[in-house]
>>> print(open('my_file19.pdb').read())   # PDB, C-alpha atoms and all ligand atoms
ATOM      1  CA  MET A   1       3.123  -1.999   4.535
ATOM      2  CA  ALA A   2      -0.459  -3.066   4.314
ATOM      3  CA  ARG A   3      -2.410  -1.406   1.609
ATOM      4  CA  GLY A   4      -5.600  -2.366   3.348
ATOM      5  CA  GLY A   5      -5.217   0.649   5.563
ATOM      6  CA  PHE A   6      -6.033   3.170   2.942
ATOM      7  CA  VAL A   7      -8.838   4.012   0.721
ATOM      8  CA  ALA A   8      -6.617   4.766  -2.225
ATOM      9  CA  PHE A   9      -7.378   1.155  -2.866
ATOM     10  CA  ALA A  10     -10.876   1.395  -1.499
ATOM     11  CA  ASP A  11     -12.228  -0.491  -4.302
ATOM     12  CA  TYR A  12     -15.304  -1.849  -5.854
ATOM     13  CA  ASN A  13     -17.714  -3.878  -3.848
ATOM     14  CA  PHE A  14     -18.330  -6.457  -6.499
ATOM     15  CA  PRO A  15     -21.514  -8.384  -6.357
ATOM     16  CA  MET A  16     -19.448 -11.123  -7.989
ATOM     17  CA  SER A  17     -16.988 -11.111  -5.154
ATOM     18  CA  GLU A  18     -19.757 -12.604  -3.097
ATOM     19  CA  THR A  19     -21.211 -14.881  -5.717
ATOM     20  CA  GLY A  20     -18.442 -15.794  -8.140
ATOM     21  CA  ARG A  21     -17.074 -19.289  -8.156
ATOM     22  CA  THR A  22     -13.717 -20.760  -8.997
ATOM     23  CA  ASP A  23     -13.140 -23.314 -11.722
ATOM     24  CA  SER A  24     -13.544 -26.027  -9.123
ATOM     25  CA  GLY A  25     -16.919 -24.668  -8.124
ATOM     26  CA  ALA A  26     -15.757 -23.269  -4.804
ATOM     27  CA  PRO A  27     -16.686 -19.683  -4.024
ATOM     28  CA  ALA A  28     -14.296 -17.288  -5.757
ATOM     29  CA  PRO A  29     -12.456 -15.011  -3.374
ATOM     30  CA  GLY A  30     -13.433 -11.478  -4.168
ATOM     31  CA  VAL A  31     -11.327  -8.497  -4.995
ATOM     32  CA  SER A  32     -13.049  -5.747  -3.120
ATOM     33  CA  ILE A  33     -12.546  -3.059  -0.514
ATOM     34  CA  ARG A  34     -13.510  -5.492   2.205
ATOM     35  CA  ARG A  35     -11.336  -8.323   1.060
ATOM     36  CA  HIS A  36      -7.989  -8.146  -0.622
ATOM     37  CA  PRO A  37      -7.455 -11.864  -0.524
ATOM     38  CA  ARG A  38      -3.782 -12.739  -0.361
ATOM     39  CA  ASP A  39      -4.799 -16.319  -1.184
ATOM     40  CA  TYR A  40      -6.392 -15.419  -4.474
ATOM     41  CA  ARG A  41      -7.009 -18.681  -6.361
ATOM     42  CA  GLY A  42      -4.437 -20.512  -4.300
ATOM     43  CA  ASN A  43      -1.731 -17.896  -4.703
ATOM     44  CA  LEU A  44       0.476 -17.280  -1.715
ATOM     45  CA  TYR A  45       2.196 -14.038  -2.679
ATOM     46  CA  VAL A  46       0.560 -12.338  -5.660
ATOM     47  CA  TYR A  47      -2.984 -11.028  -5.483
ATOM     48  CA  PRO A  48      -5.223  -8.653  -7.423
ATOM     49  CA  VAL A  49      -6.751  -5.470  -6.097
ATOM     50  CA  LEU A  50      -9.240  -3.473  -8.081
ATOM     51  CA  SER A  51      -8.314   0.127  -7.547
ATOM     52  CA  ARG A  52     -10.927   2.812  -7.810
ATOM     53  CA  ARG A  53      -8.208   5.425  -7.738
ATOM     54  CA  ALA A  54      -6.186   3.848 -10.541
ATOM     55  CA  ARG A  55      -9.324   2.766 -12.384
ATOM     56  CA  GLY A  56      -8.007  -0.698 -13.004
ATOM     57  CA  LEU A  57      -6.136  -3.616 -11.568
ATOM     58  CA  SER A  58      -3.230  -3.343  -9.171
ATOM     59  CA  ILE A  59      -1.232  -6.546  -8.751
ATOM     60  CA  GLY A  60      -0.074  -6.836  -5.160
ATOM     61  CA  ILE A  61       3.039  -8.669  -4.025
ATOM     62  CA  ASN A  62       3.191  -9.811  -0.417
ATOM     63  CA  LEU A  63       6.768 -10.255   0.799
ATOM     64  CA  ASN A  64       5.646 -10.570   4.425
ATOM     65  CA  PRO A  65       3.397 -13.639   4.553
ATOM     66  CA  ASP A  66       4.431 -14.114   8.197
ATOM     67  CA  LYS A  67       2.540 -10.856   8.964
ATOM     68  CA  VAL A  68       5.518  -9.485  10.879
ATOM     69  CA  CYS A  69       6.021  -5.726  10.761
ATOM     70  CA  ASN A  70       8.351  -3.298  12.527
ATOM     71  CA  PHE A  71       5.351  -1.022  13.148
ATOM     72  CA  ASP A  72       2.305  -2.040  15.155
ATOM     73  CA  CYS A  73      -0.127   0.562  13.879
ATOM     74  CA  ILE A  74      -3.271   0.842  15.948
ATOM     75  CA  TYR A  75      -5.274   1.009  12.716
ATOM     76  CA  CYS A  76      -3.485  -1.838  10.913
ATOM     77  CA  GLN A  77      -5.928  -3.922   8.963
ATOM     78  CA  VAL A  78      -3.792  -7.019   8.566
ATOM     79  CA  ASP A  79      -5.602  -9.891  10.263
ATOM     80  CA  ARG A  80      -3.010 -11.149  12.742
ATOM     81  CA  ARG A  81      -5.463 -13.319  14.661
ATOM     82  CA  THR A  82      -5.460 -15.862  11.835
ATOM     83  CA  PRO A  83      -2.216 -17.822  11.455
ATOM     84  CA  PRO A  84      -0.578 -17.331   8.061
ATOM     85  CA  PRO A  85      -0.665 -20.262   5.604
ATOM     86  CA  VAL A  86       3.072 -19.800   5.016
ATOM     87  CA  ARG A  87       5.742 -17.767   6.749
ATOM     88  CA  ASP A  88       8.514 -17.827   4.181
ATOM     89  CA  VAL A  89       8.748 -16.406   0.698
ATOM     90  CA  ASP A  90       9.181 -19.089  -1.935
ATOM     91  CA  GLU A  91      10.650 -16.837  -4.603
ATOM     92  CA  PRO A  92      10.303 -19.196  -7.596
ATOM     93  CA  ARG A  93       6.647 -19.646  -6.703
ATOM     94  CA  LEU A  94       6.163 -15.899  -6.290
ATOM     95  CA  TYR A  95       7.648 -15.324  -9.740
ATOM     96  CA  ASP A  96       5.423 -18.042 -11.252
ATOM     97  CA  GLU A  97       2.369 -16.430  -9.698
ATOM     98  CA  LEU A  98       3.337 -13.044 -11.099
ATOM     99  CA  ARG A  99       4.059 -14.435 -14.579
ATOM    100  CA  SER A 100       0.744 -16.235 -14.540
ATOM    101  CA  MET A 101      -1.276 -13.189 -13.487
ATOM    102  CA  LEU A 102       0.421 -10.905 -15.989
ATOM    103  CA  GLY A 103      -0.020 -13.523 -18.728
ATOM    104  CA  GLU A 104      -3.716 -13.912 -17.946
ATOM    105  CA  ALA A 105      -4.165 -10.170 -17.849
ATOM    106  CA  ARG A 106      -2.399  -9.838 -21.173
ATOM    107  CA  SER A 107      -4.585 -12.497 -22.814
ATOM    108  CA  GLY A 108      -7.750 -11.170 -21.209
ATOM    109  CA  ALA A 109      -8.451 -14.478 -19.461
ATOM    110  CA  LEU A 110      -8.073 -12.878 -16.052
ATOM    111  CA  PHE A 111     -10.931 -10.488 -16.652
ATOM    112  CA  GLU A 112     -13.180 -13.289 -17.842
ATOM    113  CA  ARG A 113     -13.122 -14.784 -14.365
ATOM    114  CA  PRO A 114     -16.361 -14.451 -12.391
ATOM    115  CA  GLU A 115     -14.944 -12.100  -9.808
ATOM    116  CA  PHE A 116     -14.082  -9.566 -12.494
ATOM    117  CA  GLN A 117     -17.450  -9.562 -14.177
ATOM    118  CA  GLY A 118     -19.189  -6.272 -13.709
ATOM    119  CA  VAL A 119     -15.949  -4.342 -14.047
ATOM    120  CA  PRO A 120     -16.307  -1.777 -16.831
ATOM    121  CA  ALA A 121     -14.324  -2.649 -19.950
ATOM    122  CA  ASP A 122     -12.086   0.412 -19.670
ATOM    123  CA  GLN A 123     -10.994  -0.731 -16.222
ATOM    124  CA  ARG A 124     -10.036  -4.253 -17.212
ATOM    125  CA  VAL A 125      -6.436  -3.237 -17.406
ATOM    126  CA  VAL A 126      -3.371  -3.656 -15.194
ATOM    127  CA  ARG A 127      -2.355  -0.278 -13.798
ATOM    128  CA  ASP A 128       0.579  -1.218 -11.582
ATOM    129  CA  ILE A 129       2.434  -3.827  -9.592
ATOM    130  CA  THR A 130       2.619  -2.905  -5.916
ATOM    131  CA  PHE A 131       4.844  -4.211  -3.164
ATOM    132  CA  SER A 132       2.441  -4.175  -0.261
ATOM    133  CA  GLY A 133       1.132  -7.096   1.733
ATOM    134  CA  ASP A 134       1.169  -7.945   5.416
ATOM    135  CA  GLY A 135       4.260  -6.133   6.632
ATOM    136  CA  GLU A 136       7.038  -3.814   5.526
ATOM    137  CA  PRO A 137       8.238  -4.931   2.045
ATOM    138  CA  PRO A 138      11.840  -3.654   2.304
ATOM    139  CA  SER A 139      12.273  -5.751   5.453
ATOM    140  CA  TYR A 140      12.429  -8.831   3.247
ATOM    141  CA  PRO A 141      16.157  -9.685   3.238
ATOM    142  CA  ARG A 142      16.266 -10.243  -0.538
ATOM    143  CA  PHE A 143      14.155  -7.245  -1.441
ATOM    144  CA  LEU A 144      16.749  -6.061  -3.964
ATOM    145  CA  GLU A 145      16.877  -9.416  -5.739
ATOM    146  CA  VAL A 146      13.089  -9.649  -5.841
ATOM    147  CA  VAL A 147      12.775  -6.139  -7.242
ATOM    148  CA  ARG A 148      15.291  -6.987  -9.957
ATOM    149  CA  GLU A 149      13.409 -10.160 -10.910
ATOM    150  CA  VAL A 150       9.980  -8.532 -10.815
ATOM    151  CA  LEU A 151      11.199  -5.851 -13.206
ATOM    152  CA  ALA A 152      12.562  -8.531 -15.524
ATOM    153  CA  ILE A 153       9.304 -10.523 -15.423
ATOM    154  CA  LYS A 154       7.179  -7.489 -16.168
ATOM    155  CA  ARG A 155       9.329  -6.600 -19.177
ATOM    156  CA  ALA A 156       9.302 -10.180 -20.446
ATOM    157  CA  ALA A 157       5.511 -10.171 -20.175
ATOM    158  CA  GLY A 158       5.342  -7.145 -22.447
ATOM    159  CA  TYR A 159       4.549  -4.690 -19.686
ATOM    160  CA  ASP A 160       7.592  -2.439 -20.048
ATOM    161  CA  GLY A 161       5.650   0.683 -19.190
ATOM    162  CA  LEU A 162       3.887  -0.777 -16.178
ATOM    163  CA  LYS A 163       4.610   1.136 -13.001
ATOM    164  CA  VAL A 164       5.979  -0.635  -9.913
ATOM    165  CA  VAL A 165       4.976   0.927  -6.595
ATOM    166  CA  VAL A 166       6.466   0.350  -3.143
ATOM    167  CA  LEU A 167       4.278   0.982  -0.124
ATOM    168  CA  THR A 168       6.538   1.561   2.841
ATOM    169  CA  ASN A 169       6.742   3.062   6.300
ATOM    170  CA  ALA A 170      10.167   4.431   5.292
ATOM    171  CA  THR A 171      11.962   2.923   8.293
ATOM    172  CA  LEU A 172      14.422   0.882   6.228
ATOM    173  CA  LEU A 173      15.027   3.135   3.248
ATOM    174  CA  ASP A 174      18.526   3.960   4.483
ATOM    175  CA  ARG A 175      19.726   0.379   3.977
ATOM    176  CA  PRO A 176      22.187   0.182   1.083
ATOM    177  CA  ALA A 177      20.438  -2.778  -0.558
ATOM    178  CA  VAL A 178      17.085  -1.019  -0.341
ATOM    179  CA  GLN A 179      18.616   2.094  -1.865
ATOM    180  CA  GLU A 180      19.969   0.006  -4.721
ATOM    181  CA  ALA A 181      16.497  -1.466  -5.249
ATOM    182  CA  MET A 182      15.101   2.062  -5.314
ATOM    183  CA  ARG A 183      17.676   3.041  -7.905
ATOM    184  CA  LEU A 184      16.535   0.168 -10.119
ATOM    185  CA  LEU A 185      12.936   1.212  -9.633
ATOM    186  CA  ASP A 186      13.778   4.836 -10.422
ATOM    187  CA  GLU A 187      15.188   3.727 -13.758
ATOM    188  CA  ASP A 188      11.852   2.043 -14.352
ATOM    189  CA  HIS A 189       9.636   5.022 -13.345
ATOM    190  CA  GLY A 190       8.785   3.372 -10.030
ATOM    191  CA  GLU A 191       6.839   5.128  -7.283
ATOM    192  CA  TYR A 192       7.183   5.299  -3.507
ATOM    193  CA  TRP A 193       4.219   5.762  -1.258
ATOM    194  CA  LEU A 194       5.573   6.660   2.162
ATOM    195  CA  LYS A 195       3.609   6.519   5.384
ATOM    196  CA  LEU A 196       3.449   9.710   7.448
ATOM    197  CA  ASP A 197       0.598   9.694   9.948
ATOM    198  CA  ALA A 198       1.782  12.188  12.542
ATOM    199  CA  GLY A 199       3.386  15.537  13.132
ATOM    200  CA  THR A 200       4.604  15.036  16.670
ATOM    201  CA  GLU A 201       6.636  12.294  18.289
ATOM    202  CA  ALA A 202       3.872  11.710  20.842
ATOM    203  CA  TYR A 203       1.197  11.107  18.214
ATOM    204  CA  TYR A 204       3.580   8.966  16.169
ATOM    205  CA  ASP A 205       4.197   6.829  19.271
ATOM    206  CA  LEU A 206       0.474   6.586  19.904
ATOM    207  CA  VAL A 207      -0.340   5.491  16.359
ATOM    208  CA  GLU A 208       2.622   3.471  15.089
ATOM    209  CA  ARG A 209       3.795   1.788  18.318
ATOM    210  CA  THR A 210       7.348   1.137  17.205
ATOM    211  CA  SER A 211      10.869   1.407  18.539
ATOM    212  CA  VAL A 212      11.978   3.151  15.338
ATOM    213  CA  PRO A 213      12.435   6.850  16.184
ATOM    214  CA  PHE A 214      10.185   9.357  14.438
ATOM    215  CA  ALA A 215      13.291  11.357  13.553
ATOM    216  CA  LYS A 216      14.639   8.423  11.568
ATOM    217  CA  VAL A 217      11.430   8.089   9.568
ATOM    218  CA  LEU A 218      11.474  11.810   8.788
ATOM    219  CA  ARG A 219      15.130  11.645   7.810
ATOM    220  CA  ASN A 220      14.499   8.698   5.484
ATOM    221  CA  ILE A 221      11.512  10.395   3.880
ATOM    222  CA  LEU A 222      13.588  13.501   3.274
ATOM    223  CA  GLN A 223      16.441  11.522   1.746
ATOM    224  CA  ALA A 224      14.082   9.581  -0.518
ATOM    225  CA  ALA A 225      12.255  12.750  -1.542
ATOM    226  CA  ARG A 226      15.504  14.480  -2.429
ATOM    227  CA  VAL A 227      16.167  11.854  -5.087
ATOM    228  CA  ARG A 228      12.696  11.638  -6.656
ATOM    229  CA  PRO A 229       9.210  12.945  -5.928
ATOM    230  CA  VAL A 230       7.422  10.757  -3.405
ATOM    231  CA  ILE A 231       3.806  10.284  -2.435
ATOM    232  CA  LEU A 232       2.901  10.648   1.224
ATOM    233  CA  GLN A 233       0.145   8.466   2.573
ATOM    234  CA  SER A 234      -1.357   9.898   5.707
ATOM    235  CA  LEU A 235      -4.047   8.064   7.600
ATOM    236  CA  PHE A 236      -6.044   9.945  10.187
ATOM    237  CA  MET A 237      -8.688   8.385  12.407
ATOM    238  CA  ARG A 238     -10.698   8.667  15.565
ATOM    239  CA  VAL A 239      -8.847   7.370  18.608
ATOM    240  CA  HIS A 240     -11.086   6.745  21.603
ATOM    241  CA  GLY A 241     -13.719   8.775  19.788
ATOM    242  CA  SER A 242     -11.543  11.811  19.078
ATOM    243  CA  PRO A 243     -10.225  12.928  15.698
ATOM    244  CA  PRO A 244      -6.639  14.180  15.530
ATOM    245  CA  PRO A 245      -6.267  17.506  17.340
ATOM    246  CA  ALA A 246      -5.883  20.606  15.171
ATOM    247  CA  ALA A 247      -2.425  21.091  16.659
ATOM    248  CA  GLU A 248      -1.420  17.652  15.366
ATOM    249  CA  ILE A 249      -2.493  18.508  11.831
ATOM    250  CA  ALA A 250      -0.576  21.773  12.094
ATOM    251  CA  ALA A 251       2.499  19.862  13.268
ATOM    252  CA  TYR A 252       2.037  17.392  10.427
ATOM    253  CA  CYS A 253       2.082  20.269   7.953
ATOM    254  CA  ASP A 254       5.228  21.571   9.639
ATOM    255  CA  ARG A 255       6.961  18.214   9.112
ATOM    256  CA  VAL A 256       6.035  18.163   5.425
ATOM    257  CA  ARG A 257       7.154  21.779   5.099
ATOM    258  CA  GLU A 258      10.528  20.763   6.548
ATOM    259  CA  ILE A 259      10.810  18.022   3.934
ATOM    260  CA  LEU A 260      10.094  20.539   1.189
ATOM    261  CA  SER A 261      12.447  23.173   2.563
ATOM    262  CA  GLY A 262      15.122  20.491   2.910
ATOM    263  CA  GLY A 263      15.025  19.883  -0.829
ATOM    264  CA  GLY A 264      12.522  17.046  -0.848
ATOM    265  CA  ARG A 265       9.834  16.751  -3.478
ATOM    266  CA  VAL A 266       6.357  15.552  -2.595
ATOM    267  CA  GLY A 267       4.223  14.874  -5.636
ATOM    268  CA  LEU A 268       1.034  14.113  -3.768
ATOM    269  CA  ILE A 269      -0.383  13.735  -0.282
ATOM    270  CA  GLN A 270      -3.103  11.160   0.185
ATOM    271  CA  VAL A 271      -5.285  11.925   3.182
ATOM    272  CA  TYR A 272      -7.359   8.925   4.045
ATOM    273  CA  THR A 273      -8.989   7.104   6.913
ATOM    274  CA  VAL A 274      -9.724   3.632   8.180
ATOM    275  CA  ALA A 275     -11.545   1.478   5.648
ATOM    276  CA  ARG A 276     -11.626  -1.944   7.231
ATOM    277  CA  THR A 277     -11.492  -3.531  10.669
ATOM    278  CA  PRO A 278      -8.562  -1.960  12.572
ATOM    279  CA  ALA A 279      -6.223  -3.683  15.013
ATOM    280  CA  GLU A 280      -7.671  -1.796  17.970
ATOM    281  CA  SER A 281     -11.361  -1.479  18.741
ATOM    282  CA  TYR A 282     -10.894   2.092  19.980
ATOM    283  CA  VAL A 283      -9.954   3.146  16.436
ATOM    284  CA  ALA A 284     -12.720   4.306  14.089
ATOM    285  CA  PRO A 285     -12.881   6.053  10.721
ATOM    286  CA  LEU A 286     -13.317   9.767  10.336
ATOM    287  CA  THR A 287     -16.470  11.032   8.690
ATOM    288  CA  ASP A 288     -16.208  12.272   5.118
ATOM    289  CA  ALA A 289     -16.512  15.845   6.399
ATOM    290  CA  GLU A 290     -13.628  15.307   8.820
ATOM    291  CA  VAL A 291     -11.436  13.872   6.078
ATOM    292  CA  ASP A 292     -12.341  16.814   3.861
ATOM    293  CA  ALA A 293     -11.526  19.291   6.622
ATOM    294  CA  ILE A 294      -8.060  17.811   7.157
ATOM    295  CA  ALA A 295      -7.402  17.668   3.424
ATOM    296  CA  ALA A 296      -8.469  21.308   3.111
ATOM    297  CA  GLU A 297      -6.183  22.344   5.950
ATOM    298  CA  VAL A 298      -3.228  20.502   4.392
ATOM    299  CA  ARG A 299      -3.995  22.026   0.985
ATOM    300  CA  LYS A 300      -4.153  25.486   2.492
ATOM    301  CA  SER A 301      -0.860  25.024   4.323
ATOM    302  CA  LEU A 302       1.299  23.336   1.728
ATOM    303  CA  PRO A 303       2.113  23.760  -1.969
ATOM    304  CA  VAL A 304       1.376  20.095  -2.634
ATOM    305  CA  ALA A 305      -1.539  18.350  -4.344
ATOM    306  CA  VAL A 306      -3.801  16.589  -1.870
ATOM    307  CA  GLU A 307      -6.281  13.812  -2.516
ATOM    308  CA  ALA A 308      -8.851  12.668   0.017
ATOM    309  CA  PHE A 309     -10.119   9.129   0.362
ATOM    310  CA  TYR A 310     -12.974   8.141   2.609
ATOM    311  CA  SER A 311     -14.149   5.218   4.609
ATOM    312  CA  ASP A 312     -17.197   3.537   3.120
ATOM    313  CA  ARG A 313     -18.595   2.665   6.488
TER     314      ARG A 313
HETATM  315  S1  LIG B   1       1.551  -2.299  11.234
HETATM  316 FE1  LIG B   1       1.405  -0.362  10.039
HETATM  317  S2  LIG B   1       3.168  -0.405   8.661
HETATM  318 FE2  LIG B   1       2.876  -2.488   9.417
HETATM  319  S3  LIG B   1       1.561  -3.523   7.916
HETATM  320 FE3  LIG B   1       0.197  -2.655   9.459
HETATM  321  S4  LIG B   1      -0.365  -0.607   8.667
HETATM  322 FE4  LIG B   1       1.437  -1.290   7.514
END
>>> encode(input="my_file19.pdb", output="structure tokens")
Amino acid sequence: MARGGFVAFADYNFPMSETGRTDSGAPAPGVSIRRHPRDYRGNLYVYPVLSRRARGLSIGINLNPDKVCNFDCIYCQVDRRTPPPVRDVDEPRLYDELRSMLGEARSGALFERPEFQGVPADQRVVRDITFSGDGEPPSYPRFLEVVREVLAIKRAAGYDGLKVVVLTNATLLDRPAVQEAMRLLDEDHGEYWLKLDAGTEAYYDLVERTSVPFAKVLRNILQAARVRPVILQSLFMRVHGSPPPAAEIAAYCDRVREILSGGGRVGLIQVYTVARTPAESYVAPLTDAEVDAIAAEVRKSLPVAVEAFYSDR
């Protein structure tokens, strides 16, 4: 699931992201809200994101370089007009990229690079490793094996306590191999950020454009939340100029209430809006006041912490 869609990672607009240069003298790709370059310094799968929310560096892993996803969200901010440089995951290379980035972060060399200059010293720290990227991470057939290896690499790099996060639309969480990967991540204080953008089937169909039934997503969220607390990521936007109807927000709260009454635990709801160019031109961000109003309504309705994140447009 693309992290670009949410402002939880709406990050710094570095001056250096525009002006920094690589060792070869070429312009350094930035790490900013506008650009989460998957091709950071020639990497194909591992990329840095500076997270305002986490106040530090999140290391992203892209298991979907082919940009294929089982959702077709109208607000998706993956650039599917540009052909991907690679379509397959070269696992040994992915692991090398991760080792290298963790090693450079550990030594401090990473933060000496031009694109990190200007970052306050207390934020020059790795906060998490996140499975995100250009599609749905658990759709990668060897997701379990990759999770196992990523955990091993992080420990070997001296980052035992580093959190691993999975961003997911929850559609595949009922697969046995994915559940085994989640078990491994649970043992390692992993986190799950699950997409829930709708309260009704009709709005879900409008926004996610998928053949996966809404009921299945809700069922998978409930099952995941029964095992460990989850974080819900909920993006709301203007569609053809209109914000989500009040009845849709009420229905959304009903769905979350059903998860809670079914024994699920929700540690946090992130209410956010579009931050970068969406797939469809009829999609636009909510104003800060509109985001705040939805967050307030959700807070009032549910016994769950709610954080709001805004577009910077
Ligand atoms: S289509 Fe939706 S689920 Fe898939 S990558 Fe884009 S935002 Fe994430």
>>> closest_atom_pairs(input="my_file19.pdb", of="chain A", to="ligand LIG 1 (chain B)", cutoff="6 Å", atoms="all atoms listed in the file", output="Markdown table")
| residue | atom | partner | partner_atom | distance |
| --- | --- | --- | --- | --- |
| A:Met1 | CA | B:LIG1 | FE4 | 3.5 |
| A:Ala2 | CA | B:LIG1 | FE4 | 4.1 |
| A:Gly5 | CA | B:LIG1 | S4 | 5.9 |
| A:Cys69 | CA | B:LIG1 | FE2 | 4.7 |
| A:Phe71 | CA | B:LIG1 | S1 | 4.4 |
| A:Asp72 | CA | B:LIG1 | S1 | 4.0 |
| A:Cys73 | CA | B:LIG1 | FE1 | 4.2 |
| A:Cys76 | CA | B:LIG1 | S4 | 4.0 |
| A:Val78 | CA | B:LIG1 | FE3 | 6.0 |
| A:Asp134 | CA | B:LIG1 | S3 | 5.1 |
| A:Gly135 | CA | B:LIG1 | S3 | 4.0 |
| A:Glu136 | CA | B:LIG1 | FE2 | 5.8 |
| A:Asn169 | CA | B:LIG1 | S2 | 5.5 |
>>> closest_residue(input="my_file19.pdb", among="A:Ser107, A:Met182, A:Glu307, A:Ala250", to="Tyr272 in chain A", atoms="all atoms listed in the file")
A:Glu307
>>> residues_near_point(input="my_file19.pdb", point="(-6.7, 12.3, 20.6)", cutoff="12 Å", atoms="only C-alpha atoms", output="compact mmCIF listing (two decimals) with C-alpha atoms, in the coordinates of the input")
# COMPACT_ATOMS: atom_id res chain seq x y z
CA ALA A 198 1.78 12.19 12.54
CA ALA A 202 3.87 11.71 20.84
CA TYR A 203 1.20 11.11 18.21
CA TYR A 204 3.58 8.97 16.17
CA LEU A 206 0.47 6.59 19.90
CA VAL A 207 -0.34 5.49 16.36
CA PHE A 236 -6.04 9.94 10.19
CA MET A 237 -8.69 8.38 12.41
CA ARG A 238 -10.70 8.67 15.56
CA VAL A 239 -8.85 7.37 18.61
CA HIS A 240 -11.09 6.74 21.60
CA GLY A 241 -13.72 8.78 19.79
CA SER A 242 -11.54 11.81 19.08
CA PRO A 243 -10.22 12.93 15.70
CA PRO A 244 -6.64 14.18 15.53
CA PRO A 245 -6.27 17.51 17.34
CA ALA A 246 -5.88 20.61 15.17
CA ALA A 247 -2.42 21.09 16.66
CA GLU A 248 -1.42 17.65 15.37
CA ILE A 249 -2.49 18.51 11.83
CA TYR A 282 -10.89 2.09 19.98
CA VAL A 283 -9.95 3.15 16.44
CA ALA A 284 -12.72 4.31 14.09
>>> resolve_selection(input="my_file19.pdb", expression="the PyMOL selection byres (((chain A and resi 56) around 10) and not hetatm)", output="number ranges by chain")
A: 11, 49-55, 57-59, 119-128
>>> atom_distance(input="my_file19.pdb", atom1="CA of Met101 in chain A", atom2="CA of Lys67 in chain A")
22.9 Å
>>> resolve_selection(input="my_file19.pdb", expression="the PyMOL selection byres (((chain A and resi 148-161) around 9) and not hetatm)", output="CSV table (one decimal) with C-alpha atoms, in the coordinates of the input")
chain,number,residue,atom,x,y,z
A,95,TYR,CA,7.6,-15.3,-9.7
A,98,LEU,CA,3.3,-13.0,-11.1
A,99,ARG,CA,4.1,-14.4,-14.6
A,102,LEU,CA,0.4,-10.9,-16.0
A,103,GLY,CA,0.0,-13.5,-18.7
A,106,ARG,CA,-2.4,-9.8,-21.2
A,129,ILE,CA,2.4,-3.8,-9.6
A,143,PHE,CA,14.2,-7.2,-1.4
A,144,LEU,CA,16.7,-6.1,-4.0
A,145,GLU,CA,16.9,-9.4,-5.7
A,146,VAL,CA,13.1,-9.6,-5.8
A,147,VAL,CA,12.8,-6.1,-7.2
A,162,LEU,CA,3.9,-0.8,-16.2
A,163,LYS,CA,4.6,1.1,-13.0
A,164,VAL,CA,6.0,-0.6,-9.9
A,181,ALA,CA,16.5,-1.5,-5.2
A,184,LEU,CA,16.5,0.2,-10.1
A,185,LEU,CA,12.9,1.2,-9.6
A,188,ASP,CA,11.9,2.0,-14.4
A,189,HIS,CA,9.6,5.0,-13.3
>>> atom_distance(input="my_file19.pdb", atom1="CA of Gln223 in chain A", atom2="CA of Ser301 in chain A")
22.1 Å
>>> atom_distance(input="my_file19.pdb", atom1="CA of Gly133 in chain A", atom2="CA of Gly267 in chain A")
23.4 Å
>>> closest_residue(input="my_file19.pdb", among="A:Tyr192, A:Phe214, A:Tyr47, A:Phe131", to="Gln233 in chain A", atoms="all atoms listed in the file")
A:Tyr192
